[in-house]
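Colleague: One file is attached below, target04.cif, containing mmCIF, C-alpha atoms.
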data_data
#
loop_
_atom_site.label_atom_id
_atom_site.label_comp_id
_atom_site.auth_asym_id
_atom_site.auth_seq_id
_atom_site.Cartn_x
_atom_site.Cartn_y
_atom_site.Cartn_z
CA MET S 26 0.00 0.00 0.00
CA THR S 27 1.36 3.39 -0.88
CA TYR S 28 -0.02 6.44 0.80
CA LYS S 29 -0.29 8.38 -2.38
CA GLU S 30 -3.37 6.33 -3.24
CA ASN S 31 -5.62 8.93 -1.69
CA GLU S 32 -9.24 8.30 -2.57
CA ASN S 33 -10.09 11.83 -1.59
CA SER S 34 -8.35 14.56 -3.44
CA PHE S 35 -8.47 18.01 -2.00
CA THR S 36 -7.41 21.11 -3.87
CA PRO S 37 -4.73 23.21 -2.16
CA MET S 38 -7.35 25.96 -1.86
CA ALA S 39 -9.77 23.60 -0.08
CA VAL S 40 -7.03 22.52 2.31
CA GLU S 41 -6.15 26.14 3.12
CA SER S 42 -9.80 27.03 3.69
CA LEU S 43 -10.12 24.13 6.15
CA LEU S 44 -6.97 25.24 7.96
CA ASP S 45 -8.44 28.74 8.22
CA ALA S 46 -11.62 27.32 9.73
CA ILE S 47 -9.77 25.50 12.51
CA THR S 48 -9.19 27.25 15.82
CA PHE S 49 -5.82 25.97 16.94
CA ASP S 50 -4.98 26.37 20.64
CA ALA S 51 -2.15 28.47 22.07
CA SER S 52 0.28 25.64 21.21
CA GLY S 53 -0.96 25.54 17.61
CA LEU S 54 -2.79 22.24 18.18
CA VAL S 55 -6.31 20.89 17.80
CA PRO S 56 -7.60 17.63 19.34
CA ALA S 57 -8.47 14.94 16.80
CA ILE S 58 -10.70 11.97 17.56
CA ALA S 59 -10.15 8.85 15.45
CA GLN S 60 -13.22 6.67 14.94
CA SER S 61 -13.26 3.32 13.14
CA ALA S 62 -15.16 3.63 9.85
CA SER S 63 -16.21 -0.01 10.06
CA SER S 64 -17.21 -0.45 13.71
CA GLY S 65 -17.89 3.09 14.93
CA GLU S 66 -15.54 2.40 17.83
CA VAL S 67 -13.71 5.48 19.15
CA LEU S 68 -10.07 4.47 18.77
CA MET S 69 -8.03 7.30 20.24
CA LEU S 70 -7.65 11.01 20.78
CA ALA S 71 -4.48 12.72 19.62
CA TRP S 72 -3.40 16.16 18.45
CA MET S 73 -2.77 17.78 15.10
CA ASN S 74 -1.01 20.97 14.11
CA ARG S 75 -1.43 22.69 10.73
CA ASP S 76 1.19 20.50 9.09
CA ALA S 77 -0.40 17.32 10.43
CA VAL S 78 -3.84 18.31 9.12
CA ARG S 79 -2.34 19.20 5.75
CA GLU S 80 -0.36 15.98 5.49
CA THR S 81 -3.36 13.89 6.54
CA LEU S 82 -5.42 15.37 3.71
CA GLU S 83 -2.67 15.30 1.12
CA THR S 84 -1.58 11.70 1.76
CA GLY S 85 -4.79 10.09 2.99
CA ARG S 86 -2.81 8.69 5.89
CA VAL S 87 -3.65 10.09 9.30
CA THR S 88 -0.79 12.09 10.78
CA TYR S 89 -0.71 13.66 14.22
CA TRP S 90 1.64 15.91 16.15
CA SER S 91 3.43 14.10 18.93
CA ARG S 92 3.53 16.41 21.92
CA SER S 93 6.11 14.22 23.67
CA ARG S 94 8.45 14.00 20.69
CA GLN S 95 7.54 17.45 19.31
CA ALA S 96 7.46 16.02 15.82
CA LEU S 97 4.99 14.89 13.19
CA TRP S 98 3.69 11.44 14.04
CA ARG S 99 2.74 9.45 11.01
CA LYS S 100 0.53 6.96 12.80
CA GLY S 101 1.85 3.43 12.24
CA GLU S 102 5.26 4.61 11.07
CA SER S 103 7.05 2.12 13.31
CA SER S 104 4.21 -0.28 14.21
CA GLY S 105 2.59 -0.57 10.79
CA HIS S 106 -0.74 0.20 12.47
CA VAL S 107 -1.63 2.95 10.04
CA GLN S 108 -4.90 4.82 9.79
CA ARG S 109 -6.24 5.44 6.35
CA LEU S 110 -8.45 8.53 6.15
CA ARG S 111 -12.06 7.98 5.16
CA SER S 112 -13.44 11.38 6.13
CA LEU S 113 -12.54 14.43 8.18
CA ARG S 114 -15.12 16.52 10.00
CA LEU S 115 -14.85 19.73 12.01
CA ASP S 116 -17.04 20.66 14.97
CA CYS S 117 -19.25 23.71 15.46
CA ASP S 118 -16.57 25.78 17.17
CA GLY S 119 -13.81 24.67 14.83
CA ASP S 120 -11.75 23.43 17.73
CA ALA S 121 -12.12 19.66 17.43
CA ILE S 122 -11.65 17.27 14.52
CA LEU S 123 -13.24 13.87 13.94
CA VAL S 124 -11.53 11.53 11.50
CA SER S 125 -13.18 8.37 10.29
CA VAL S 126 -10.46 5.83 9.54
CA ASP S 127 -9.64 2.36 8.37
CA GLN S 128 -7.38 1.16 11.17
CA ALA S 129 -4.73 -1.45 10.38
CA GLY S 130 -4.13 -3.58 13.48
CA PRO S 131 -4.62 -2.28 17.00
CA ALA S 132 -4.89 1.48 17.37
CA CYS S 133 -3.27 1.69 20.81
CA HIS S 134 0.48 1.53 21.44
CA THR S 135 -0.35 -1.05 24.14
CA ASN S 136 -1.50 -3.31 21.28
CA ARG S 137 -5.12 -2.98 22.30
CA PRO S 138 -7.79 -2.32 19.65
CA ASN S 139 -8.37 1.14 21.09
CA CYS S 140 -6.91 3.40 23.76
CA PHE S 141 -10.02 3.62 25.95
CA TYR S 142 -9.53 0.28 27.66
CA ARG S 143 -10.02 1.39 31.27
CA GLN S 144 -13.60 1.75 32.44
CA MET S 145 -14.88 3.29 35.63
CA THR S 146 -16.81 0.85 37.82
CA SER S 147 -18.15 1.07 41.36
CA ASP S 148 -14.77 -0.22 42.52
CA GLY S 149 -12.62 2.09 40.37
CA LEU S 150 -10.92 1.72 37.00
CA VAL S 151 -11.00 -1.75 35.47
CA VAL S 152 -9.17 -2.88 32.33
CA ILE S 153 -11.83 -4.03 29.86
CA LEU S 154 -9.68 -4.78 26.78
CA GLU S 155 -6.65 -7.03 26.53
CA PRO S 156 -3.73 -6.57 24.14
CA VAL S 157 -4.05 -8.32 20.81
CA ALA S 158 -1.63 -11.21 20.25
CA ASP S 159 1.09 -10.43 17.70
CA MET Q 30 -36.29 12.71 35.56
CA THR Q 31 -34.13 13.53 38.53
CA TYR Q 32 -30.41 13.28 38.25
CA LYS Q 33 -30.04 11.52 41.54
CA GLU Q 34 -31.30 8.34 39.85
CA ASN Q 35 -27.76 7.30 39.05
CA GLU Q 36 -27.65 3.71 37.83
CA ASN Q 37 -23.95 3.61 38.51
CA SER Q 38 -22.88 4.21 42.04
CA PHE Q 39 -19.26 4.95 42.64
CA THR Q 40 -17.70 4.98 46.08
CA PRO Q 41 -15.91 8.22 47.03
CA MET Q 42 -12.68 6.20 47.07
CA ALA Q 43 -13.27 4.96 43.50
CA VAL Q 44 -13.95 8.51 42.33
CA GLU Q 45 -10.76 9.79 43.95
CA SER Q 46 -8.71 6.95 42.42
CA LEU Q 47 -10.06 7.85 38.98
CA LEU Q 48 -9.23 11.51 39.53
CA ASP Q 49 -5.70 10.49 40.50
CA ALA Q 50 -5.38 8.46 37.27
CA ILE Q 51 -6.28 11.43 35.06
CA THR Q 52 -3.53 13.65 33.72
CA PHE Q 53 -5.10 17.10 33.67
CA ASP Q 54 -3.42 19.71 31.47
CA ALA Q 55 -1.80 22.95 32.66
CA SER Q 56 -5.28 24.51 32.90
CA GLY Q 57 -6.56 21.62 35.01
CA LEU Q 58 -8.63 20.22 32.14
CA VAL Q 59 -8.97 16.97 30.22
CA PRO Q 60 -10.76 16.55 26.87
CA ALA Q 61 -13.90 14.42 27.03
CA ILE Q 62 -15.51 12.79 24.00
CA ALA Q 63 -19.24 12.10 24.22
CA GLN Q 64 -20.48 9.15 22.18
CA SER Q 65 -24.11 8.11 21.81
CA ALA Q 66 -24.71 4.81 23.61
CA SER Q 67 -27.46 3.91 21.16
CA SER Q 68 -26.00 4.89 17.77
CA GLY Q 69 -22.24 5.03 18.38
CA GLU Q 70 -22.25 8.52 16.86
CA VAL Q 71 -19.57 10.84 18.21
CA LEU Q 72 -21.62 13.74 19.55
CA MET Q 73 -19.13 16.33 20.75
CA LEU Q 74 -15.83 17.04 22.41
CA ALA Q 75 -15.73 19.22 25.49
CA TRP Q 76 -13.57 19.65 28.57
CA MET Q 77 -13.79 18.54 32.18
CA ASN Q 78 -11.96 19.63 35.30
CA ARG Q 79 -11.80 17.60 38.52
CA ASP Q 80 -15.12 18.96 39.74
CA ALA Q 81 -16.83 18.18 36.44
CA VAL Q 82 -15.58 14.58 36.47
CA ARG Q 83 -16.67 14.18 40.08
CA GLU Q 84 -20.10 15.67 39.48
CA THR Q 85 -20.60 13.56 36.34
CA LEU Q 86 -19.96 10.39 38.34
CA GLU Q 87 -21.90 11.44 41.41
CA THR Q 88 -25.02 12.58 39.58
CA GLY Q 89 -24.99 10.42 36.45
CA ARG Q 90 -25.52 13.56 34.42
CA VAL Q 91 -22.61 14.62 32.23
CA THR Q 92 -21.07 17.88 33.36
CA TYR Q 93 -18.27 19.75 31.61
CA TRP Q 94 -16.18 22.81 32.31
CA SER Q 95 -17.07 25.73 30.07
CA ARG Q 96 -13.83 27.40 29.05
CA SER Q 97 -15.70 30.45 27.72
CA ARG Q 98 -17.82 30.93 30.85
CA GLN Q 99 -15.17 29.56 33.23
CA ALA Q 100 -17.87 27.66 35.09
CA LEU Q 101 -19.27 24.17 35.45
CA TRP Q 102 -21.49 23.38 32.50
CA ARG Q 103 -24.25 20.97 33.35
CA LYS Q 104 -25.00 19.91 29.79
CA GLY Q 105 -28.65 20.64 28.97
CA GLU Q 106 -29.10 23.02 31.91
CA SER Q 107 -30.78 25.63 29.71
CA SER Q 108 -31.68 23.58 26.61
CA GLY Q 109 -32.91 20.42 28.33
CA HIS Q 110 -30.59 18.45 26.06
CA VAL Q 111 -29.01 16.53 28.89
CA GLN Q 112 -26.59 13.64 28.63
CA ARG Q 113 -27.15 10.74 30.97
CA LEU Q 114 -23.96 8.83 31.73
CA ARG Q 115 -23.83 5.20 30.66
CA SER Q 116 -20.10 4.60 31.08
CA LEU Q 117 -16.87 6.51 31.48
CA ARG Q 118 -13.57 5.28 30.08
CA LEU Q 119 -10.03 6.63 30.33
CA ASP Q 120 -7.36 6.28 27.66
CA CYS Q 121 -3.90 4.72 27.89
CA ASP Q 122 -2.15 7.96 28.81
CA GLY Q 123 -4.88 9.11 31.18
CA ASP Q 124 -5.28 12.33 29.25
CA ALA Q 125 -8.55 11.74 27.41
CA ILE Q 126 -11.98 10.59 28.57
CA LEU Q 127 -14.70 8.83 26.60
CA VAL Q 128 -18.23 9.01 27.96
CA SER Q 129 -21.00 6.87 26.56
CA VAL Q 130 -24.26 8.75 26.98
CA ASP Q 131 -27.99 8.77 26.43
CA GLN Q 132 -28.45 12.10 24.68
CA ALA Q 133 -31.78 13.91 25.08
CA GLY Q 134 -32.46 15.94 21.93
CA PRO Q 135 -29.71 17.35 19.74
CA ALA Q 136 -26.23 17.42 21.28
CA CYS Q 137 -25.05 20.56 19.51
CA HIS Q 138 -25.97 24.11 20.55
CA THR Q 139 -26.80 24.70 16.85
CA ASN Q 140 -29.64 22.17 17.36
CA ARG Q 141 -27.90 19.59 15.22
CA PRO Q 142 -27.73 15.97 16.40
CA ASN Q 143 -23.97 16.30 16.84
CA CYS Q 144 -21.29 18.99 16.61
CA PHE Q 145 -19.31 17.42 13.76
CA TYR Q 146 -21.57 18.63 10.98
CA ARG Q 147 -18.96 20.08 8.63
CA GLN Q 148 -17.15 17.59 6.43
CA MET Q 149 -14.11 18.14 4.27
CA THR Q 150 -14.75 17.55 0.57
CA SER Q 151 -12.68 18.20 -2.53
CA ASP Q 152 -14.24 21.68 -2.60
CA GLY Q 153 -13.75 22.49 1.07
CA LEU Q 154 -15.99 22.22 4.13
CA VAL Q 155 -19.60 21.27 3.49
CA VAL Q 156 -22.42 21.22 6.04
CA ILE Q 157 -23.73 17.64 6.17
CA LEU Q 158 -26.27 17.90 8.99
CA GLU Q 159 -29.16 20.32 9.34
CA PRO Q 160 -30.61 21.63 12.61
CA VAL Q 161 -33.44 19.60 14.07
CA ALA Q 162 -36.86 21.31 14.06
CA ASP Q 163 -38.04 22.38 17.51
#
Let's see the structure in the file written out as structure tokens.
Modeller:
Amino acid sequence: MTYKENENSFTPMAVESLLDAITFDASGLVPAIAQSASSGEVLMLAWMNRDAVRETLETGRVTYWSRSRQALWRKGESSGHVQRLRSLRLDCDGDAILVSVDQAGPACHTNRPNCFYRQMTSDGLVVILEPVAD
Amino acid sequence: MTYKENENSFTPMAVESLLDAITFDASGLVPAIAQSASSGEVLMLAWMNRDAVRETLETGRVTYWSRSRQALWRKGESSGHVQRLRSLRLDCDGDAILVSVDQAGPACHTNRPNCFYRQMTSDGLVVILEPVAD
């Protein structure tokens, strides 16, 4: 799979108009929710800067900004667990993004299908998802 | 409906252990994604502080922190479009929350079913959801 096979093609002008519609925070970031296109499962929340949004649209491969590494984070770069973009939506205030994705493998770096694997119960947080076997 | 009818009951100790597991940002906030328990639709992204998380768990009614008003935001307080908590999950890094909710009426203040009503197309952002009639 090459990431140039982008089903969606966005004109540079369309990309710039989207970027103008986004309210980035003081650090130049916007939270992005990734949702599985097939199951509807919420996979993760991460952050994008302008370059990450642009690269996501231009390549069709979801790219975030890693706050810990302070670098673009092409999801799956080392793990192979890439997210292929199906659609990108912006919320009413322009300060949150929802991407619908085809997720290859587990979305979470813990090898779980998604990052929200701890659920609050009457006794406290309980792990409700186990890591996927390699 | 009274909001004391909380199906989930969490001990004060469980609530405090959850609060300790959350990594709040420099402003004391954590992003919270609301997802419809019935449809799986991602409804909105908002923010919670410690008090909002605690109140959400104690009352079973989802409560956020309004950054614009700098006050607790009991979702639906003025509109009636409340969110009843079904479950609360925390992500791997402890810095994002996912709440599964029963949403009364439209989730968005624009009267749309959810806040993510603008979708990126080849021509730019397009409104894909219309406001619900009153």
Colleague: For chain S versus chain Q, which residues have an atom no more than 6 Å away, and what is each residue's nearest atom pair and distance in Å rounded to one decimal, using only C-alpha atoms, chain-then-number order, as CSV?
Modeller:
residue,atom,partner,partner_atom,distance
S:Ser34,CA,Q:Ser151,CA,5.7
S:Phe35,CA,Q:Ser151,CA,4.2
S:Ala39,CA,Q:Gly153,CA,4.3
S:Gly65,CA,Q:Gly69,CA,5.9
S:Leu113,CA,Q:Met149,CA,5.6
S:Arg114,CA,Q:Gln148,CA,4.2
S:Leu115,CA,Q:Phe145,CA,5.3
S:Asp116,CA,Q:Phe145,CA,4.1
S:Cys117,CA,Q:Cys144,CA,5.3
S:Cys140,CA,Q:Asp120,CA,4.9
S:Phe141,CA,Q:Asp120,CA,4.1
S:Arg143,CA,Q:Leu119,CA,5.3
S:Gln144,CA,Q:Arg118,CA,4.2
S:Met145,CA,Q:Leu117,CA,5.6
S:Ser147,CA,Q:Phe39,CA,4.2
S:Asp148,CA,Q:Ala43,CA,5.5
S:Gly149,CA,Q:Ala43,CA,4.3
Colleague: Using all C-alpha atoms paired in order, least-squares fit chain S onto chain Q and give me the moved copy as a compact mmCIF listing (two decimals) with C-alpha atoms, in the frame of the given file.
Modeller:
# COMPACT_ATOMS: atom_id res chain seq x y z
CA MET S 26 -36.29 12.72 35.59
CA THR S 27 -34.13 13.54 38.56
CA TYR S 28 -30.40 13.30 38.27
CA LYS S 29 -30.01 11.50 41.52
CA GLU S 30 -31.27 8.36 39.81
CA ASN S 31 -27.75 7.29 39.01
CA GLU S 32 -27.64 3.71 37.81
CA ASN S 33 -23.95 3.58 38.51
CA SER S 34 -22.88 4.21 42.02
CA PHE S 35 -19.27 4.94 42.65
CA THR S 36 -17.69 4.99 46.08
CA PRO S 37 -15.91 8.22 47.01
CA MET S 38 -12.68 6.20 47.07
CA ALA S 39 -13.28 4.96 43.51
CA VAL S 40 -13.96 8.50 42.34
CA GLU S 41 -10.74 9.78 43.95
CA SER S 42 -8.71 6.95 42.42
CA LEU S 43 -10.07 7.85 38.97
CA LEU S 44 -9.23 11.51 39.52
CA ASP S 45 -5.69 10.48 40.49
CA ALA S 46 -5.38 8.47 37.28
CA ILE S 47 -6.28 11.43 35.06
CA THR S 48 -3.53 13.66 33.72
CA PHE S 49 -5.10 17.09 33.67
CA ASP S 50 -3.42 19.71 31.46
CA ALA S 51 -1.80 22.93 32.67
CA SER S 52 -5.28 24.50 32.90
CA GLY S 53 -6.55 21.60 35.02
CA LEU S 54 -8.63 20.22 32.13
CA VAL S 55 -8.97 16.96 30.23
CA PRO S 56 -10.75 16.54 26.87
CA ALA S 57 -13.90 14.42 27.03
CA ILE S 58 -15.51 12.81 24.00
CA ALA S 59 -19.25 12.12 24.22
CA GLN S 60 -20.48 9.15 22.19
CA SER S 61 -24.11 8.11 21.81
CA ALA S 62 -24.71 4.81 23.62
CA SER S 63 -27.46 3.90 21.16
CA SER S 64 -26.00 4.89 17.78
CA GLY S 65 -22.25 5.03 18.38
CA GLU S 66 -22.27 8.51 16.86
CA VAL S 67 -19.57 10.84 18.22
CA LEU S 68 -21.62 13.75 19.54
CA MET S 69 -19.13 16.34 20.75
CA LEU S 70 -15.82 17.04 22.40
CA ALA S 71 -15.73 19.23 25.49
CA TRP S 72 -13.58 19.66 28.57
CA MET S 73 -13.79 18.54 32.17
CA ASN S 74 -11.96 19.65 35.29
CA ARG S 75 -11.80 17.61 38.51
CA ASP S 76 -15.12 18.97 39.74
CA ALA S 77 -16.83 18.19 36.44
CA VAL S 78 -15.57 14.59 36.46
CA ARG S 79 -16.66 14.19 40.07
CA GLU S 80 -20.10 15.67 39.47
CA THR S 81 -20.61 13.56 36.34
CA LEU S 82 -19.96 10.39 38.34
CA GLU S 83 -21.90 11.44 41.41
CA THR S 84 -25.03 12.60 39.56
CA GLY S 85 -24.99 10.42 36.46
CA ARG S 86 -25.51 13.56 34.42
CA VAL S 87 -22.62 14.61 32.22
CA THR S 88 -21.07 17.88 33.35
CA TYR S 89 -18.28 19.75 31.61
CA TRP S 90 -16.19 22.82 32.31
CA SER S 91 -17.06 25.72 30.07
CA ARG S 92 -13.83 27.40 29.06
CA SER S 93 -15.69 30.44 27.73
CA ARG S 94 -17.81 30.93 30.85
CA GLN S 95 -15.17 29.55 33.25
CA ALA S 96 -17.87 27.66 35.09
CA LEU S 97 -19.26 24.16 35.43
CA TRP S 98 -21.50 23.38 32.49
CA ARG S 99 -24.24 20.96 33.34
CA LYS S 100 -25.00 19.90 29.79
CA GLY S 101 -28.64 20.65 28.97
CA GLU S 102 -29.08 23.02 31.90
CA SER S 103 -30.78 25.63 29.72
CA SER S 104 -31.66 23.57 26.62
CA GLY S 105 -32.91 20.43 28.34
CA HIS S 106 -30.60 18.44 26.05
CA VAL S 107 -29.02 16.52 28.89
CA GLN S 108 -26.60 13.63 28.64
CA ARG S 109 -27.15 10.75 30.96
CA LEU S 110 -23.96 8.83 31.74
CA ARG S 111 -23.84 5.21 30.66
CA SER S 112 -20.11 4.61 31.08
CA LEU S 113 -16.87 6.52 31.48
CA ARG S 114 -13.57 5.29 30.09
CA LEU S 115 -10.03 6.64 30.33
CA ASP S 116 -7.36 6.29 27.66
CA CYS S 117 -3.90 4.72 27.91
CA ASP S 118 -2.15 7.96 28.82
CA GLY S 119 -4.87 9.11 31.18
CA ASP S 120 -5.28 12.32 29.26
CA ALA S 121 -8.55 11.74 27.41
CA ILE S 122 -11.98 10.60 28.57
CA LEU S 123 -14.70 8.83 26.59
CA VAL S 124 -18.23 9.00 27.95
CA SER S 125 -21.00 6.87 26.55
CA VAL S 126 -24.27 8.75 26.97
CA ASP S 127 -27.98 8.76 26.43
CA GLN S 128 -28.46 12.10 24.69
CA ALA S 129 -31.79 13.90 25.08
CA GLY S 130 -32.47 15.93 21.93
CA PRO S 131 -29.71 17.34 19.75
CA ALA S 132 -26.24 17.41 21.27
CA CYS S 133 -25.05 20.56 19.50
CA HIS S 134 -25.98 24.10 20.54
CA THR S 135 -26.81 24.69 16.85
CA ASN S 136 -29.65 22.18 17.35
CA ARG S 137 -27.92 19.59 15.22
CA PRO S 138 -27.73 15.96 16.40
CA ASN S 139 -23.98 16.30 16.84
CA CYS S 140 -21.31 18.98 16.61
CA PHE S 141 -19.31 17.43 13.76
CA TYR S 142 -21.59 18.62 10.99
CA ARG S 143 -18.96 20.07 8.65
CA GLN S 144 -17.15 17.60 6.43
CA MET S 145 -14.11 18.17 4.28
CA THR S 146 -14.73 17.55 0.58
CA SER S 147 -12.66 18.21 -2.52
CA ASP S 148 -14.23 21.67 -2.61
CA GLY S 149 -13.76 22.49 1.09
CA LEU S 150 -15.99 22.22 4.15
CA VAL S 151 -19.60 21.28 3.49
CA VAL S 152 -22.42 21.22 6.04
CA ILE S 153 -23.72 17.64 6.17
CA LEU S 154 -26.28 17.90 9.01
CA GLU S 155 -29.17 20.31 9.34
CA PRO S 156 -30.61 21.62 12.60
CA VAL S 157 -33.45 19.60 14.07
CA ALA S 158 -36.85 21.31 14.05
CA ASP S 159 -38.03 22.38 17.51
Colleague: How would you write, as a count of residues only, the residues chosen by the PyMOL selection byres ((chain Q and resi 90-100) around 6) on this structure?
Modeller: 13
Colleague: In Å, how far is it from atom CA of S:Pro131 to atom CA of Q:Leu48?
Modeller: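 Distance between the two atoms: 26.8 Å.
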Colleague: Could you check how far atom CA of Q:Asn78 sits from atom CA of Q:Gly57, in Å to one decimal?
Modeller: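 Here the two named atoms are 5.8 Å from each other.
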Colleague: Atom CA of Q:Val161 to atom CA of Q:Gly105: how many Å, to one decimal?
Modeller: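 That distance, rounded to one decimal, is 15.7 Å.
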Colleague: Go through S:Val55, S:Val107, S:Ala158, S:Ala62 and flag the residue nearest S:Val78, using only C-alpha atoms for the distances.
Modeller: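 Using only C-alpha atoms, the shortest distance to S:Val78 belongs to S:Val55.
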